[in-house]
Structure formats: structure tokens, C-alpha cells
Amino acid sequence: MLRLRCKAKNGTHLMQGLTQLSCVQELKDRVAELTGIPCEVQKIMVGYPPSSLDLSNGDAHLKDYPIKSGDTLIVEEEKSKPKPQPSASVTKGGAMDGLQKELSPVLARRVVPADNSCLFTSVFYVIEGGVYDPSCAPEMRGLIAQIVASDPASYSEAVLGKSNEDYCSWIRRDDTWGGAIEVSILSKFYKCEICVVDTQTVRVDRFGEDAGYNRRVLLIYDGIHYDPLQKEISGSDTPPQTIFSTADDIILAQALELADEARRKRQFTDVNRFSLRCMVCQTGLVGQAEAREHAKETGHTNFGEV
């Protein structure tokens with residue numbers, strides 16, 4: 001059974017019931033059901049960077065194509081007629097330049113809920129090519145716990161700040177926050193460079209930078225909350241892009257520009273000064289250091305920002 005996703009202008013869908021022995025026409029019929037795009041005008045792309053598949057032979061089997069379980073198929077409608085070119089007068093008037101600028105993809109923040117699992121939701125979103133699924137957090141927490149438990153030498157108390165066993169129990173809880181340790185683990189698991197752009201310091205922390213990965217995803221961090229970054233075309237039905245090449249340094253520069261803009265607007269939380277309340281005993285605290293000390297003394301780890 002092939003586990004596939006299909007991403008089109010109406011969202012991302014799970015595709016079930018197909019195998020390597022399914023024929024191309026079955027795939028196209030399933031895509032039509034999910035996206036509303038008729039078979040004869042479907043443009044189906046796969047891989048990174050996405051490349052178009054020649055699906056003209058409806059009787060061919062999927063095993064003869066570069067489609068594997070876990071892939072996300074990008075589907076667009078193939079326009080039968082070319083778009084008319086603008087007249088010279090329009091171009092001279094600058095309208096064409098404005099249109100091109102409007103249709104140029106820009107890097108933007110995709111906001112996810114602040115529910116203690118924003119890191120996991122954000123990583124899943126970018127890794128899966130724009131799939132928003134807040135229910136993924138327990139599975140990702142469990143994955144991290146399994147990886148840590150399987151390698152107590154690498155994930156010792158000195159690294160984790162608590163015993164390996166205590167950490168594994170802690171990270172599985174839905175009231176704990178992920179951070180650098182978890183990003184590092186997920187980068188290795190997905191074999192993908194994860195870049196975290198900090199809006200307070202306007203810097204990029206690159207996890208997996210020296211591992212030789214060819215894929216890169218981006219998160220933005222404001223001191224307590226993570227959101228995914230994606231390239232999108234405003235007002236367009238084109239699906240957003242969340243996975244980039246590690247050779248693309250322009251995307252890092254754009255991410256830093258976005259972080260700097262957020263800093264100028266003071267869209268960040270100073271973790272050394274922000275006010276917190278322990279949601280277990282209602283004690284008032286200031287900053288990350290006090291919260292960490294309170295957690296060590298009491299075992300309470302559920303905090304809310306005041």
C-alpha cells in the first residue's frame with residue numbers, strides 16, 4: 001500500500017487505496033475526486049525540486065514511476081490556452097511590473113496555535129510540505145522519547161538536564177515545550193536541516209548544518225513560540241513551498257529580514273523578563289530562569305504567560 005498525500009489549491013489530502021501495481025488512470029481518478037481537477041488537465045509533480053510526471057499512458061503501473069510511499073504529489077490544473085501577453089503600452093505603464101511583483105512568491109509566517117506543542121506542529125507542517133495537523137504532536141513526542149531512550153549514552157543527564165528516563169516521561173506530556181534538543185533530534189530523524197530564526201536576536205540557528213542534508217526547512221521563534229515559514233503567492237491557488245535546498249542562501253537572508261521586521265515591531269518575548277504563572281500552584285514568576293528553578297524545586301512544569 002502506498003501512503004501518499006496530494007496537495008492542490010483546495011488543500012492537502014491523504015490518498016488511500018493505491019499500490020505499486022495500481023495503474024496511472026486509478027491515480028488520476030483519485031486525484032480528480034480529491035481536488036476537483038479533471039483527469040485530462042491534471043499536472044502532477046513529485047520530488048524536490050518538484051518535477052512533472054508524464055502520465056499519458058493510463059494503463060502503466062505506478063511502480064514504473066518515481067513515486068514512493070510518503071511522497072506528496074503536487075497537483076495543478078494545466079491550462080489549455082496560454083495566457084495572453086500584455087501589450088507594450090501596459091508594460092511601459094508599469095502595470096506588468098506590478099503584476100509580476102504581486103505574483104512573486106514571498107516568505108511568510110504560517111501561524112499555529114500556542115498550545116504547548118507549537119514546535120511539533122510547526123516541524124510537521126514544514127517537513128510534510130504544508131500539512132497542518134495539530135494531532136501530530138503526541139506521535140512526534142513519542143518518537144523523540146523512543147530515540148532518546150534508545151541511546152542513553154548520547155542523551156545523558158548532562159545533555160538533557162534530567163535523567164534519560166525522566167526526560168522520556170516528561171517529553172511525552174502535552175503540557176511541556178520543545179526546544180533546541182528536540183529540534184536537533186527531529187533534524188537527524190528527518191535528515192533535513194532545520195533553521196530556527198530568532199526574532200529577538202535576529203539570528204539563524206541551523207540544526208543539521210554539517211550533516212550534508214540537501215533539504216532545508218524554516219521556523220521562526222519569538223522567545224516562547226514557534227511558527228513555520230513558507231513561500232507563498234498572495235491571492236494565488238498555488239500551494240505554499242516549505243522545503244528548500246540547503247544551497248539556497250537567499251532564503252536564509254529573507255528569513256532574517258522577516259525576523260528583523262518582527263524585532264522592529266517588537267513581536268518577540270524577552271524570556272529573561274516576561275511574566276509567568278505556574279498553572280499548578282499559581283506562583284508568579286519572572287523569566288525563564290525563575291521558571292526553570294521553580295520546576296526543579298517543585299516538579300511543576302506547566303506555565304502560562306501573564
# chains A, B, ... in the order shown; residues from 1 in each chain; ligands from 1

$ residues_around --residues "stretch 216-222 of chain A" --least-positions-apart "6" --cutoff "6 Å" --atoms "only C-alpha atoms" --output "PyMOL selection string"
chain A and resi 192-199+228-229+243-246+268-269

$ write_last_selection --atoms "N, CA, C and O atoms" --output "short mmCIF file (atom, residue, chain, number, x, y, z; two decimals), in the first residue's frame"
data_model
loop_
_atom_site.label_atom_id
_atom_site.label_comp_id
_atom_site.auth_asym_id
_atom_site.auth_seq_id
_atom_site.Cartn_x
_atom_site.Cartn_y
_atom_site.Cartn_z
N CYS A 192 17.07 16.38 7.54
CA CYS A 192 16.73 17.69 6.96
C CYS A 192 17.27 18.79 7.86
O CYS A 192 17.16 18.70 9.09
N GLU A 193 17.90 19.78 7.26
CA GLU A 193 18.38 20.93 8.05
C GLU A 193 17.18 21.75 8.50
O GLU A 193 16.34 22.14 7.70
N ILE A 194 17.09 21.99 9.81
CA ILE A 194 16.02 22.81 10.36
C ILE A 194 16.63 24.12 10.85
O ILE A 194 17.47 24.13 11.74
N CYS A 195 16.22 25.22 10.24
CA CYS A 195 16.74 26.55 10.59
C CYS A 195 15.70 27.28 11.44
O CYS A 195 14.55 27.41 11.04
N VAL A 196 16.13 27.72 12.62
CA VAL A 196 15.26 28.46 13.53
C VAL A 196 15.71 29.92 13.55
O VAL A 196 16.84 30.21 13.94
N VAL A 197 14.82 30.81 13.12
CA VAL A 197 15.13 32.23 13.04
C VAL A 197 14.57 32.92 14.29
O VAL A 197 13.37 32.85 14.54
N ASP A 198 15.44 33.54 15.06
CA ASP A 198 15.05 34.17 16.33
C ASP A 198 14.73 35.64 16.10
O ASP A 198 15.57 36.39 15.60
N THR A 199 13.53 36.06 16.48
CA THR A 199 13.11 37.45 16.22
C THR A 199 13.68 38.44 17.22
O THR A 199 13.67 39.64 16.97
N PRO A 228 5.88 27.97 11.58
CA PRO A 228 6.57 27.60 10.34
C PRO A 228 6.65 28.77 9.37
O PRO A 228 5.79 29.67 9.39
N LEU A 229 7.68 28.76 8.51
CA LEU A 229 7.80 29.74 7.44
C LEU A 229 7.58 29.04 6.11
O LEU A 229 7.98 27.89 5.93
N ILE A 243 9.77 23.45 1.78
CA ILE A 243 11.05 22.74 1.74
C ILE A 243 11.94 23.40 0.70
O ILE A 243 11.52 23.62 -0.44
N PHE A 244 13.17 23.71 1.10
CA PHE A 244 14.09 24.44 0.24
C PHE A 244 15.43 23.68 0.15
O PHE A 244 15.70 22.79 0.95
N SER A 245 16.24 24.07 -0.78
CA SER A 245 17.56 23.48 -0.91
C SER A 245 18.51 24.10 0.11
O SER A 245 18.44 25.30 0.40
N THR A 246 19.42 23.28 0.64
CA THR A 246 20.42 23.82 1.57
C THR A 246 21.43 24.71 0.85
O THR A 246 22.23 25.39 1.50
N PHE A 268 8.29 39.89 19.81
CA PHE A 268 9.06 38.83 20.45
C PHE A 268 8.83 38.92 21.95
O PHE A 268 8.32 39.91 22.47
N THR A 269 9.22 37.86 22.64
CA THR A 269 9.10 37.81 24.10
C THR A 269 10.48 37.69 24.70
O THR A 269 11.23 36.77 24.36
#

$ select_by_dssp --residues "stretch 26-74 of chain A" --states "strand (DSSP E)" --output "list in words"
Gln42, Lys43, Ile44, Met45, Val46, Ser51, Ser52, Thr72, Leu73 and Ile74 of chain A

$ write_last_selection --atoms "N, CA and C atoms" --output "CSV table (one decimal), in the first residue's frame"
chain,number,residue,atom,x,y,z
A,42,GLN,N,-4.9,17.6,-15.6
A,42,GLN,CA,-4.1,17.5,-14.3
A,42,GLN,C,-2.6,17.6,-14.7
A,43,LYS,N,-1.9,18.4,-13.9
A,43,LYS,CA,-0.4,18.4,-14.0
A,43,LYS,C,0.1,17.9,-12.6
A,44,ILE,N,0.7,16.7,-12.6
A,44,ILE,CA,1.1,16.1,-11.3
A,44,ILE,C,2.6,16.1,-11.2
A,45,MET,N,3.1,16.7,-10.1
A,45,MET,CA,4.5,16.8,-9.8
A,45,MET,C,4.9,16.1,-8.6
A,46,VAL,N,6.2,15.6,-8.5
A,46,VAL,CA,6.6,14.9,-7.3
A,46,VAL,C,8.1,15.2,-7.2
A,51,SER,N,9.1,17.8,-10.0
A,51,SER,CA,9.2,17.6,-11.5
A,51,SER,C,7.9,16.9,-12.0
A,52,SER,N,7.5,17.3,-13.1
A,52,SER,CA,6.2,16.9,-13.7
A,52,SER,C,6.4,15.4,-14.2
A,72,THR,N,4.5,13.4,-1.3
A,72,THR,CA,3.4,14.4,-1.5
A,72,THR,C,3.4,14.8,-3.0
A,73,LEU,N,2.2,14.5,-3.7
A,73,LEU,CA,2.1,14.8,-5.1
A,73,LEU,C,1.5,16.2,-5.1
A,74,ILE,N,2.1,17.1,-5.9
A,74,ILE,CA,1.6,18.5,-6.1
A,74,ILE,C,0.8,18.5,-7.4

$ residues_around --residues "stretch 171-183 of chain A" --least-positions-apart "2" --cutoff "9 Å" --atoms "only C-alpha atoms" --output "PyMOL selection string"
chain A and resi 115-120+123+137-142+144-145+159-160+166-169+185-188+194+196+207+224+301-303

$ select_by_dssp --residues "stretch 140-297 of chain A" --states "alpha helix (DSSP H)" --output "ChimeraX atom specification"
/A:140-149,157-160,164-171,180-190,249-264,287-297

$ write_last_selection --atoms "C-alpha atoms" --output "PDB file, in the first residue's frame"
ATOM      1  CA  MET A 140       6.206  13.280  17.487  1.00  0.00           C
ATOM      2  CA  ARG A 141       6.694  13.448  21.253  1.00  0.00           C
ATOM      3  CA  GLY A 142       6.621   9.642  21.359  1.00  0.00           C
ATOM      4  CA  LEU A 143       9.119   9.460  18.501  1.00  0.00           C
ATOM      5  CA  ILE A 144      11.556  11.734  20.354  1.00  0.00           C
ATOM      6  CA  ALA A 145      11.148   9.692  23.557  1.00  0.00           C
ATOM      7  CA  GLN A 146      11.931   6.462  21.672  1.00  0.00           C
ATOM      8  CA  ILE A 147      15.056   7.942  20.091  1.00  0.00           C
ATOM      9  CA  VAL A 148      16.320   9.288  23.413  1.00  0.00           C
ATOM     10  CA  ALA A 149      15.570   6.048  25.290  1.00  0.00           C
ATOM     11  CA  GLU A 157      21.548  13.664  32.186  1.00  0.00           C
ATOM     12  CA  ALA A 158      24.321  16.136  31.349  1.00  0.00           C
ATOM     13  CA  VAL A 159      22.724  16.729  27.939  1.00  0.00           C
ATOM     14  CA  LEU A 160      19.057  16.546  28.911  1.00  0.00           C
ATOM     15  CA  ASN A 164      17.086   9.780  30.427  1.00  0.00           C
ATOM     16  CA  GLU A 165      14.053   8.042  31.908  1.00  0.00           C
ATOM     17  CA  ASP A 166      12.624  11.239  33.445  1.00  0.00           C
ATOM     18  CA  TYR A 167      13.116  13.104  30.175  1.00  0.00           C
ATOM     19  CA  CYS A 168      11.255  10.445  28.184  1.00  0.00           C
ATOM     20  CA  SER A 169       8.289  10.678  30.558  1.00  0.00           C
ATOM     21  CA  TRP A 170       8.461  14.488  30.527  1.00  0.00           C
ATOM     22  CA  ILE A 171       8.545  14.992  26.736  1.00  0.00           C
ATOM     23  CA  ALA A 180      16.765  23.007  20.842  1.00  0.00           C
ATOM     24  CA  ILE A 181      17.216  19.377  21.947  1.00  0.00           C
ATOM     25  CA  GLU A 182      14.009  18.329  20.234  1.00  0.00           C
ATOM     26  CA  VAL A 183      14.797  20.312  17.058  1.00  0.00           C
ATOM     27  CA  SER A 184      18.194  18.616  16.873  1.00  0.00           C
ATOM     28  CA  ILE A 185      16.640  15.153  17.241  1.00  0.00           C
ATOM     29  CA  LEU A 186      13.990  15.847  14.588  1.00  0.00           C
ATOM     30  CA  SER A 187      16.607  17.208  12.194  1.00  0.00           C
ATOM     31  CA  LYS A 188      18.527  13.925  12.409  1.00  0.00           C
ATOM     32  CA  PHE A 189      15.395  11.799  12.141  1.00  0.00           C
ATOM     33  CA  TYR A 190      14.045  13.572   9.055  1.00  0.00           C
ATOM     34  CA  ASP A 249      21.235  31.084   0.946  1.00  0.00           C
ATOM     35  CA  ILE A 250      18.794  33.675  -0.393  1.00  0.00           C
ATOM     36  CA  ILE A 251      16.004  32.053   1.606  1.00  0.00           C
ATOM     37  CA  LEU A 252      18.064  32.481   4.798  1.00  0.00           C
ATOM     38  CA  ALA A 253      18.552  36.174   4.033  1.00  0.00           C
ATOM     39  CA  GLN A 254      14.807  36.549   3.504  1.00  0.00           C
ATOM     40  CA  ALA A 255      14.132  34.781   6.797  1.00  0.00           C
ATOM     41  CA  LEU A 256      16.452  37.177   8.608  1.00  0.00           C
ATOM     42  CA  GLU A 257      14.672  40.139   7.005  1.00  0.00           C
ATOM     43  CA  LEU A 258      11.385  38.740   8.295  1.00  0.00           C
ATOM     44  CA  ALA A 259      12.869  38.330  11.788  1.00  0.00           C
ATOM     45  CA  ASP A 260      14.286  41.849  11.746  1.00  0.00           C
ATOM     46  CA  GLU A 261      10.902  43.266  10.778  1.00  0.00           C
ATOM     47  CA  ALA A 262       9.306  41.379  13.683  1.00  0.00           C
ATOM     48  CA  ARG A 263      12.022  42.699  16.027  1.00  0.00           C
ATOM     49  CA  ARG A 264      11.387  46.289  14.954  1.00  0.00           C
ATOM     50  CA  GLY A 287      11.709  34.983  33.249  1.00  0.00           C
ATOM     51  CA  GLN A 288      12.894  31.606  32.080  1.00  0.00           C
ATOM     52  CA  ALA A 289      15.477  31.240  34.856  1.00  0.00           C
ATOM     53  CA  GLU A 290      12.895  31.555  37.651  1.00  0.00           C
ATOM     54  CA  ALA A 291      10.571  29.152  35.850  1.00  0.00           C
ATOM     55  CA  ARG A 292      13.371  26.616  35.486  1.00  0.00           C
ATOM     56  CA  GLU A 293      14.318  26.938  39.178  1.00  0.00           C
ATOM     57  CA  HIS A 294      10.676  26.605  40.242  1.00  0.00           C
ATOM     58  CA  ALA A 295      10.311  23.474  38.119  1.00  0.00           C
ATOM     59  CA  LYS A 296      13.437  21.972  39.691  1.00  0.00           C
ATOM     60  CA  GLU A 297      12.186  22.670  43.236  1.00  0.00           C
TER      61      GLU A 297
END

$ residues_around --residues "A:Ile67" --least-positions-apart "2" --cutoff "9 Å" --atoms "only C-alpha atoms" --output "list in words"
Leu2, Leu4, Gln20, Val46, Gly47, Leu62, Lys63, Asp64, Tyr65, Ser69, Gly70, Asp71 and Leu73 of chain A

$ residues_around --residues "A:Glu40" --least-positions-apart "4" --cutoff "12 Å" --atoms "only C-alpha atoms" --output "list in words"
Gln25, Lys28, Asp29, Val31, Ala32, Gly36, Ile44, Leu55, Ser56, Asn57, Gly58, Glu76, Glu77, Glu78, Lys79 and Ser80 of chain A

$ closest_residue --among "A:Gly235, A:Pro50, A:Gly284, A:Gly11" --to "A:Val131" --atoms "only C-alpha atoms"
A:Gly11
